[in-house]
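> input24.cif is reproduced below (mmCIF, C-alpha atoms).
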```cif
data_start
#
loop_
_atom_site.label_atom_id
_atom_site.label_comp_id
_atom_site.auth_asym_id
_atom_site.auth_seq_id
_atom_site.Cartn_x
_atom_site.Cartn_y
_atom_site.Cartn_z
CA MET A 1 -57.81 -51.14 -93.88
CA LEU A 2 -58.50 -54.88 -94.07
CA LYS A 3 -55.10 -55.45 -95.63
CA ARG A 4 -53.36 -53.68 -92.73
CA PHE A 5 -55.36 -55.71 -90.22
CA LEU A 6 -54.43 -58.99 -91.89
CA ILE A 7 -50.74 -58.03 -92.01
CA LEU A 8 -50.85 -57.08 -88.32
CA LEU A 9 -52.61 -60.35 -87.47
CA LEU A 10 -50.06 -62.37 -89.45
CA MET A 11 -47.15 -60.60 -87.77
CA THR A 12 -48.69 -61.23 -84.34
CA ILE A 13 -49.11 -64.94 -85.06
CA VAL A 14 -45.54 -65.25 -86.35
CA ALA A 15 -44.16 -63.35 -83.34
CA THR A 16 -46.19 -65.48 -80.91
CA CYS A 17 -45.00 -68.73 -82.48
CA ASN A 18 -41.42 -67.47 -82.32
CA ILE A 19 -41.81 -66.56 -78.65
CA MET A 20 -43.39 -69.93 -77.84
CA ALA A 21 -40.59 -71.76 -79.59
CA GLN A 22 -38.02 -69.78 -77.67
CA ALA A 23 -39.83 -70.41 -74.40
CA ASP A 24 -39.85 -74.20 -75.01
CA THR A 25 -36.11 -74.42 -75.69
CA ARG A 26 -35.36 -72.12 -72.79
CA GLN A 27 -37.32 -74.28 -70.36
CA ALA A 28 -35.39 -77.34 -71.41
CA THR A 29 -32.05 -75.69 -70.66
CA SER A 30 -33.10 -73.43 -67.78
CA VAL A 31 -30.75 -72.85 -64.90
CA GLN A 32 -31.90 -71.79 -61.45
CA VAL A 33 -31.39 -68.02 -61.40
CA LYS A 34 -30.77 -66.38 -58.04
CA HIS A 35 -33.29 -63.75 -56.98
CA ASN A 36 -31.78 -60.33 -57.65
CA PRO A 37 -32.61 -57.34 -55.35
CA LYS A 38 -31.27 -54.88 -57.94
CA ARG A 39 -33.73 -56.19 -60.48
CA ALA A 40 -36.61 -55.83 -58.01
CA THR A 41 -35.51 -52.25 -57.30
CA LEU A 42 -35.33 -51.41 -60.98
CA TYR A 43 -38.70 -53.00 -61.73
CA SER A 44 -40.38 -51.14 -58.90
CA ALA A 45 -38.78 -47.86 -59.97
CA VAL A 46 -39.94 -48.26 -63.57
CA LEU A 47 -43.49 -49.34 -62.72
CA PRO A 48 -44.76 -49.19 -59.13
CA GLY A 49 -45.82 -52.66 -57.99
CA LEU A 50 -43.72 -54.51 -60.56
CA GLY A 51 -40.99 -55.14 -57.99
CA GLN A 52 -43.58 -56.67 -55.67
CA ALA A 53 -44.73 -58.91 -58.51
CA TYR A 54 -41.11 -59.94 -59.15
CA ASN A 55 -40.84 -60.84 -55.45
CA LYS A 56 -44.09 -62.83 -55.72
CA LYS A 57 -45.80 -60.59 -53.14
CA TYR A 58 -48.87 -60.07 -55.28
CA TRP A 59 -51.06 -58.97 -52.36
CA LYS A 60 -49.01 -55.75 -52.03
CA ILE A 61 -49.72 -54.51 -55.55
CA PRO A 62 -53.28 -53.27 -54.79
CA ILE A 63 -51.95 -51.46 -51.71
CA VAL A 64 -49.38 -49.64 -53.83
CA TYR A 65 -51.98 -48.54 -56.38
CA VAL A 66 -54.65 -47.61 -53.84
CA GLY A 67 -52.07 -45.39 -52.14
CA ILE A 68 -51.07 -43.79 -55.43
CA GLY A 69 -54.70 -43.28 -56.44
CA THR A 70 -55.71 -41.81 -53.10
CA ILE A 71 -52.79 -39.40 -52.97
CA TYR A 72 -53.38 -38.39 -56.60
CA TYR A 73 -57.08 -37.75 -55.89
CA ILE A 74 -56.25 -35.54 -52.90
CA ALA A 75 -53.56 -33.64 -54.85
CA ASP A 76 -55.93 -33.11 -57.78
CA MET A 77 -58.76 -31.94 -55.52
CA ASN A 78 -56.46 -29.48 -53.75
CA GLY A 79 -55.15 -28.30 -57.13
CA ASP A 80 -58.67 -27.65 -58.40
CA ASN A 81 -59.55 -25.69 -55.25
CA TYR A 82 -56.29 -23.75 -55.49
CA ARG A 83 -57.06 -22.74 -59.08
CA GLU A 84 -60.64 -21.74 -58.18
CA PHE A 85 -59.55 -19.49 -55.33
CA ARG A 86 -56.70 -18.06 -57.41
CA ASP A 87 -59.15 -17.21 -60.18
CA ALA A 88 -61.61 -15.76 -57.62
CA TYR A 89 -58.90 -13.49 -56.24
CA ASP A 90 -57.83 -12.46 -59.74
CA TYR A 91 -61.48 -11.71 -60.61
CA GLN A 92 -61.98 -9.68 -57.45
CA MET A 93 -58.82 -7.63 -58.11
CA GLY A 94 -59.81 -7.12 -61.76
CA ILE A 95 -56.78 -9.00 -63.15
CA ASN A 96 -58.79 -11.70 -64.93
CA THR A 97 -62.46 -11.49 -65.84
CA ASP A 98 -62.65 -14.76 -67.76
CA VAL A 99 -63.29 -17.11 -64.82
CA SER A 100 -65.82 -19.78 -63.90
CA GLU A 101 -69.15 -19.12 -62.19
CA GLU A 102 -67.83 -20.78 -59.04
CA ALA A 103 -64.87 -18.38 -58.91
CA ILE A 104 -67.25 -15.42 -59.30
CA GLU A 105 -69.34 -16.79 -56.43
CA TYR A 106 -66.24 -17.13 -54.24
CA ALA A 107 -65.16 -13.60 -55.14
CA SER A 108 -68.47 -12.21 -53.97
CA LYS A 109 -68.56 -14.39 -50.84
CA TYR A 110 -65.03 -13.84 -49.45
CA SER A 111 -62.81 -10.82 -48.92
CA GLY A 112 -59.44 -10.44 -50.67
CA SER A 113 -57.44 -11.49 -47.62
CA ASN A 114 -59.64 -14.57 -47.12
CA LEU A 115 -59.20 -15.53 -50.76
CA ILE A 116 -55.41 -15.23 -50.41
CA THR A 117 -55.47 -17.37 -47.25
CA LEU A 118 -57.63 -20.05 -48.88
CA ARG A 119 -55.56 -19.98 -52.08
CA ASP A 120 -52.31 -20.37 -50.18
CA SER A 121 -53.75 -23.12 -47.98
CA TYR A 122 -54.90 -25.20 -50.94
CA ARG A 123 -51.61 -24.60 -52.73
CA ARG A 124 -49.67 -25.80 -49.67
CA ASP A 125 -51.89 -28.89 -49.40
CA MET A 126 -51.48 -29.63 -53.10
CA GLU A 127 -47.70 -29.39 -52.91
CA LEU A 128 -47.64 -31.48 -49.74
CA SER A 129 -49.72 -34.14 -51.51
CA TRP A 130 -47.18 -34.33 -54.34
CA ILE A 131 -44.36 -34.66 -51.80
CA ILE A 132 -46.26 -37.48 -50.10
CA MET A 133 -46.72 -39.11 -53.52
CA ALA A 134 -42.94 -39.04 -54.03
CA LEU A 135 -42.45 -40.57 -50.57
CA TRP A 136 -45.00 -43.29 -51.35
CA TYR A 137 -43.14 -44.03 -54.58
CA GLY A 138 -39.89 -44.28 -52.60
CA ILE A 139 -41.49 -46.58 -50.03
CA ASN A 140 -42.67 -48.79 -52.88
CA ILE A 141 -39.09 -49.09 -54.16
CA ILE A 142 -37.64 -49.68 -50.68
CA ASP A 143 -40.26 -52.36 -49.96
CA ALA A 144 -39.43 -54.21 -53.17
CA THR A 145 -35.71 -54.04 -52.41
CA VAL A 146 -36.04 -55.29 -48.83
CA ASP A 147 -38.41 -58.07 -49.89
CA ALA A 148 -35.95 -59.15 -52.57
CA HIS A 149 -33.15 -59.34 -50.01
CA PHE A 150 -35.32 -61.56 -47.79
CA PHE A 151 -36.69 -63.62 -50.69
CA GLU A 152 -34.48 -66.65 -50.05
CA TYR A 153 -34.40 -66.23 -46.27
CA ASP A 154 -35.54 -69.48 -44.68
CA ILE A 155 -38.22 -69.10 -42.05
CA GLY A 156 -38.60 -72.72 -41.05
CA ASP A 157 -40.25 -74.50 -38.16
CA ASP A 158 -36.89 -75.49 -36.72
CA LEU A 159 -36.54 -72.61 -34.27
CA THR A 160 -35.43 -74.19 -31.00
CA LEU A 161 -34.63 -72.86 -27.58
CA LYS A 162 -32.28 -75.03 -25.56
CA VAL A 163 -32.00 -74.43 -21.80
CA GLU A 164 -29.87 -76.75 -19.71
CA PRO A 165 -28.23 -76.41 -16.29
CA VAL A 166 -24.47 -76.66 -16.12
CA ILE A 167 -22.38 -77.45 -13.06
CA GLN A 168 -18.85 -76.12 -13.31
CA SER A 169 -16.26 -76.96 -10.75
CA ASN A 170 -13.04 -75.12 -10.25
CA PHE A 171 -10.31 -77.57 -9.22
CA GLY A 172 -8.62 -75.16 -6.84
CA GLU A 173 -11.80 -74.41 -4.88
CA THR A 174 -14.20 -76.52 -2.89
CA ALA A 175 -17.37 -74.58 -3.76
CA TYR A 176 -19.51 -75.35 -6.75
CA ASN A 177 -20.97 -72.71 -9.02
CA PHE A 178 -24.32 -73.31 -10.62
CA ASN A 179 -24.66 -71.55 -13.95
CA TYR A 180 -27.64 -71.71 -16.23
CA ASN A 181 -26.97 -71.20 -19.91
CA ALA A 182 -29.69 -70.36 -22.37
CA GLY A 183 -29.27 -70.15 -26.09
CA ILE A 184 -31.18 -69.99 -29.29
CA SER A 185 -30.12 -71.96 -32.30
CA LEU A 186 -31.47 -70.89 -35.67
CA LYS A 187 -31.01 -73.13 -38.65
#
```
For this file, write the structure as structure tokens.


Amino acid sequence: MLKRFLILLLMTIVATCNIMAQADTRQATSVQVKHNPKRATLYSAVLPGLGQAYNKKYWKIPIVYVGIGTIYYIADMNGDNYREFRDAYDYQMGINTDVSEEAIEYASKYSGSNLITLRDSYRRDMELSWIIMALWYGINIIDATVDAHFFEYDIGDDLTLKVEPVIQSNFGETAYNFNYNAGISLK
């Protein structure tokens, strides 16, 4: 066991030194790489939140995982309730007698039609939670992609509004027209 540990430790040290040496030479010859939206999309699809990290929007990562955790908790809770009421109905109909004490209690408390209604309601809620989870996952990917597209977008302080009156005269007419032009220049 000690021999395996020492071999693993030696391999880790050698691999780390090799990585550090590669990192040093790479930094010396590094070229400015353009931010790639496809890479952000791929990262976020592989691991939710990784695309946000690639875009340097670290504050969004906890939001992604809190959403995933909350939706998973609700789906799991609805799944547990669905299984309990399914087992209670099966117990009441005599299909399955090997059920939990809680299912036996539900079977004695509710009628068969009530058990079917509760079972179907929790099943619908569980399936809806999984659909919402898939949508949340998609929103995570879309957010990473859109952020990557706007990564190099310059939002500077040089947003100016220029309003100036203009007097235009038509040479064939004696009247003057006063026109006001307004424009926004973004740099």

> List the residues matched by the PyMOL selection byres ((chain A and resi 36) around 12) in the displayed structure as a list in words, ordered by chain and then by residue number.

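Checking the PyMOL selection byres ((chain A and resi 36) around 12) against this file, the residues are Val33, Lys34, His35, Pro37, Lys38, Arg39, Ala40, Thr41, Leu42, Tyr43, Gly51, Tyr54, Asn55, Ala144, Thr145, Val146, Asp147, Ala148, His149, Phe150, Phe151 and Glu152 of chain A.
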
> Would you kindly translate the PyMOL selection byres ((chain A and resi 60-63) around 10) into the concrete residues it picks from this file, as a PyMOL selection string?

chain A and resi 48-53+56-59+64-69+140+143-144

> Restricted to C-alpha atoms, what would the selected residues look like written as a PDB file, keeping the file's coordinate frame?


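Output (selection09.pdb):
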```
ATOM      1  CA  PRO A  48     -44.760 -49.190 -59.130  1.00  0.00           C
ATOM      2  CA  GLY A  49     -45.820 -52.660 -57.990  1.00  0.00           C
ATOM      3  CA  LEU A  50     -43.720 -54.510 -60.560  1.00  0.00           C
ATOM      4  CA  GLY A  51     -40.990 -55.140 -57.990  1.00  0.00           C
ATOM      5  CA  GLN A  52     -43.580 -56.670 -55.670  1.00  0.00           C
ATOM      6  CA  ALA A  53     -44.730 -58.910 -58.510  1.00  0.00           C
ATOM      7  CA  LYS A  56     -44.090 -62.830 -55.720  1.00  0.00           C
ATOM      8  CA  LYS A  57     -45.800 -60.590 -53.140  1.00  0.00           C
ATOM      9  CA  TYR A  58     -48.870 -60.070 -55.280  1.00  0.00           C
ATOM     10  CA  TRP A  59     -51.060 -58.970 -52.360  1.00  0.00           C
ATOM     11  CA  VAL A  64     -49.380 -49.640 -53.830  1.00  0.00           C
ATOM     12  CA  TYR A  65     -51.980 -48.540 -56.380  1.00  0.00           C
ATOM     13  CA  VAL A  66     -54.650 -47.610 -53.840  1.00  0.00           C
ATOM     14  CA  GLY A  67     -52.070 -45.390 -52.140  1.00  0.00           C
ATOM     15  CA  ILE A  68     -51.070 -43.790 -55.430  1.00  0.00           C
ATOM     16  CA  GLY A  69     -54.700 -43.280 -56.440  1.00  0.00           C
ATOM     17  CA  ASN A 140     -42.670 -48.790 -52.880  1.00  0.00           C
ATOM     18  CA  ASP A 143     -40.260 -52.360 -49.960  1.00  0.00           C
ATOM     19  CA  ALA A 144     -39.430 -54.210 -53.170  1.00  0.00           C
TER      20      ALA A 144
END
```

> Rank A:Ser129, A:Ser108, A:Tyr91, A:Arg86 by their smallest atom-to-atom distance to Tyr73 (chain A), using only C-alpha atoms, and report the top residue only.

A:Ser129

> CA of Gly79 (chain A) and CA of Thr117 (chain A) are how many Å apart?

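CA of Thr117 (chain A) lies at a distance of 14.7 Å from CA of Gly79 (chain A).
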
> How many Å separate CA of Ala107 (chain A) from CA of Ala88 (chain A)?

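Atom-to-atom, CA of Ala107 (chain A) to CA of Ala88 (chain A), that is 4.8 Å.
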
> Take the PyMOL selection byres ((chain A and resi 92) around 10), run it mentally on this structure, and tell me the resulting residues as a CSV table (one decimal) with C-alpha atoms, keeping the file's coordinate frame.


```csv
chain,number,residue,atom,x,y,z
A,86,ARG,CA,-56.7,-18.1,-57.4
A,87,ASP,CA,-59.2,-17.2,-60.2
A,88,ALA,CA,-61.6,-15.8,-57.6
A,89,TYR,CA,-58.9,-13.5,-56.2
A,90,ASP,CA,-57.8,-12.5,-59.7
A,91,TYR,CA,-61.5,-11.7,-60.6
A,93,MET,CA,-58.8,-7.6,-58.1
A,94,GLY,CA,-59.8,-7.1,-61.8
A,95,ILE,CA,-56.8,-9.0,-63.2
A,96,ASN,CA,-58.8,-11.7,-64.9
A,97,THR,CA,-62.5,-11.5,-65.8
A,103,ALA,CA,-64.9,-18.4,-58.9
A,104,ILE,CA,-67.2,-15.4,-59.3
A,106,TYR,CA,-66.2,-17.1,-54.2
A,107,ALA,CA,-65.2,-13.6,-55.1
A,108,SER,CA,-68.5,-12.2,-54.0
A,110,TYR,CA,-65.0,-13.8,-49.4
A,111,SER,CA,-62.8,-10.8,-48.9
A,112,GLY,CA,-59.4,-10.4,-50.7
A,115,LEU,CA,-59.2,-15.5,-50.8
```

> Could you please determine the separation between CA of Ser100 (chain A) and CA of Ile131 (chain A) in Å, to one decimal place?

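Result for CA of Ser100 (chain A) versus CA of Ile131 (chain A): 28.8 Å, one decimal.
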
> Reconstruct N, CA and C atoms of region 135-158 of chain A from the incomplete input and present them as a tab-separated table (two decimals), keeping the file's coordinate frame.


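What ended up in selection-v6.tsv:
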```
chain	number	residue	atom	x	y	z
A	135	LEU	N	-42.84	-39.69	-51.69
A	135	LEU	CA	-42.45	-40.57	-50.57
A	135	LEU	C	-43.08	-41.96	-50.72
A	136	TRP	N	-44.32	-42.01	-51.14
A	136	TRP	CA	-45.00	-43.29	-51.35
A	136	TRP	C	-44.30	-44.09	-52.45
A	137	TYR	N	-43.89	-43.40	-53.49
A	137	TYR	CA	-43.14	-44.03	-54.58
A	137	TYR	C	-41.82	-44.59	-54.05
A	138	GLY	N	-41.13	-43.81	-53.20
A	138	GLY	CA	-39.89	-44.28	-52.60
A	138	GLY	C	-40.10	-45.46	-51.68
A	139	ILE	N	-41.18	-45.45	-50.91
A	139	ILE	CA	-41.49	-46.58	-50.03
A	139	ILE	C	-41.76	-47.82	-50.85
A	140	ASN	N	-42.42	-47.67	-51.98
A	140	ASN	CA	-42.67	-48.79	-52.88
A	140	ASN	C	-41.35	-49.42	-53.34
A	141	ILE	N	-40.39	-48.59	-53.71
A	141	ILE	CA	-39.09	-49.09	-54.16
A	141	ILE	C	-38.34	-49.75	-53.02
A	142	ILE	N	-38.34	-49.11	-51.85
A	142	ILE	CA	-37.64	-49.68	-50.68
A	142	ILE	C	-38.26	-51.02	-50.28
A	143	ASP	N	-39.59	-51.11	-50.31
A	143	ASP	CA	-40.26	-52.36	-49.96
A	143	ASP	C	-39.86	-53.48	-50.91
A	144	ALA	N	-39.82	-53.19	-52.20
A	144	ALA	CA	-39.43	-54.21	-53.17
A	144	ALA	C	-37.99	-54.66	-52.95
A	145	THR	N	-37.11	-53.70	-52.63
A	145	THR	CA	-35.71	-54.04	-52.41
A	145	THR	C	-35.53	-54.90	-51.17
A	146	VAL	N	-36.16	-54.53	-50.08
A	146	VAL	CA	-36.04	-55.29	-48.83
A	146	VAL	C	-36.65	-56.68	-48.99
A	147	ASP	N	-37.80	-56.76	-49.64
A	147	ASP	CA	-38.41	-58.07	-49.89
A	147	ASP	C	-37.51	-58.95	-50.75
A	148	ALA	N	-36.85	-58.36	-51.71
A	148	ALA	CA	-35.95	-59.15	-52.57
A	148	ALA	C	-34.75	-59.67	-51.78
A	149	HIS	N	-34.26	-58.87	-50.84
A	149	HIS	CA	-33.15	-59.34	-50.01
A	149	HIS	C	-33.58	-60.50	-49.12
A	150	PHE	N	-34.83	-60.49	-48.66
A	150	PHE	CA	-35.32	-61.56	-47.79
A	150	PHE	C	-36.02	-62.68	-48.56
A	151	PHE	N	-35.96	-62.65	-49.88
A	151	PHE	CA	-36.69	-63.62	-50.69
A	151	PHE	C	-36.26	-65.05	-50.40
A	152	GLU	N	-34.98	-65.29	-50.28
A	152	GLU	CA	-34.48	-66.65	-50.05
A	152	GLU	C	-34.19	-66.93	-48.59
A	153	TYR	N	-34.60	-66.04	-47.70
A	153	TYR	CA	-34.40	-66.23	-46.27
A	153	TYR	C	-35.33	-67.33	-45.79
A	154	ASP	N	-34.78	-68.32	-45.11
A	154	ASP	CA	-35.54	-69.48	-44.68
A	154	ASP	C	-36.18	-69.21	-43.32
A	155	ILE	N	-37.49	-69.21	-43.30
A	155	ILE	CA	-38.22	-69.10	-42.05
A	155	ILE	C	-38.87	-70.46	-41.83
A	156	GLY	N	-38.11	-71.36	-41.24
A	156	GLY	CA	-38.60	-72.72	-41.05
A	156	GLY	C	-39.20	-72.92	-39.67
A	157	ASP	N	-39.68	-74.14	-39.45
A	157	ASP	CA	-40.25	-74.50	-38.16
A	157	ASP	C	-39.19	-74.93	-37.16
A	158	ASP	N	-37.95	-74.99	-37.59
A	158	ASP	CA	-36.89	-75.49	-36.72
A	158	ASP	C	-36.24	-74.34	-35.94
```
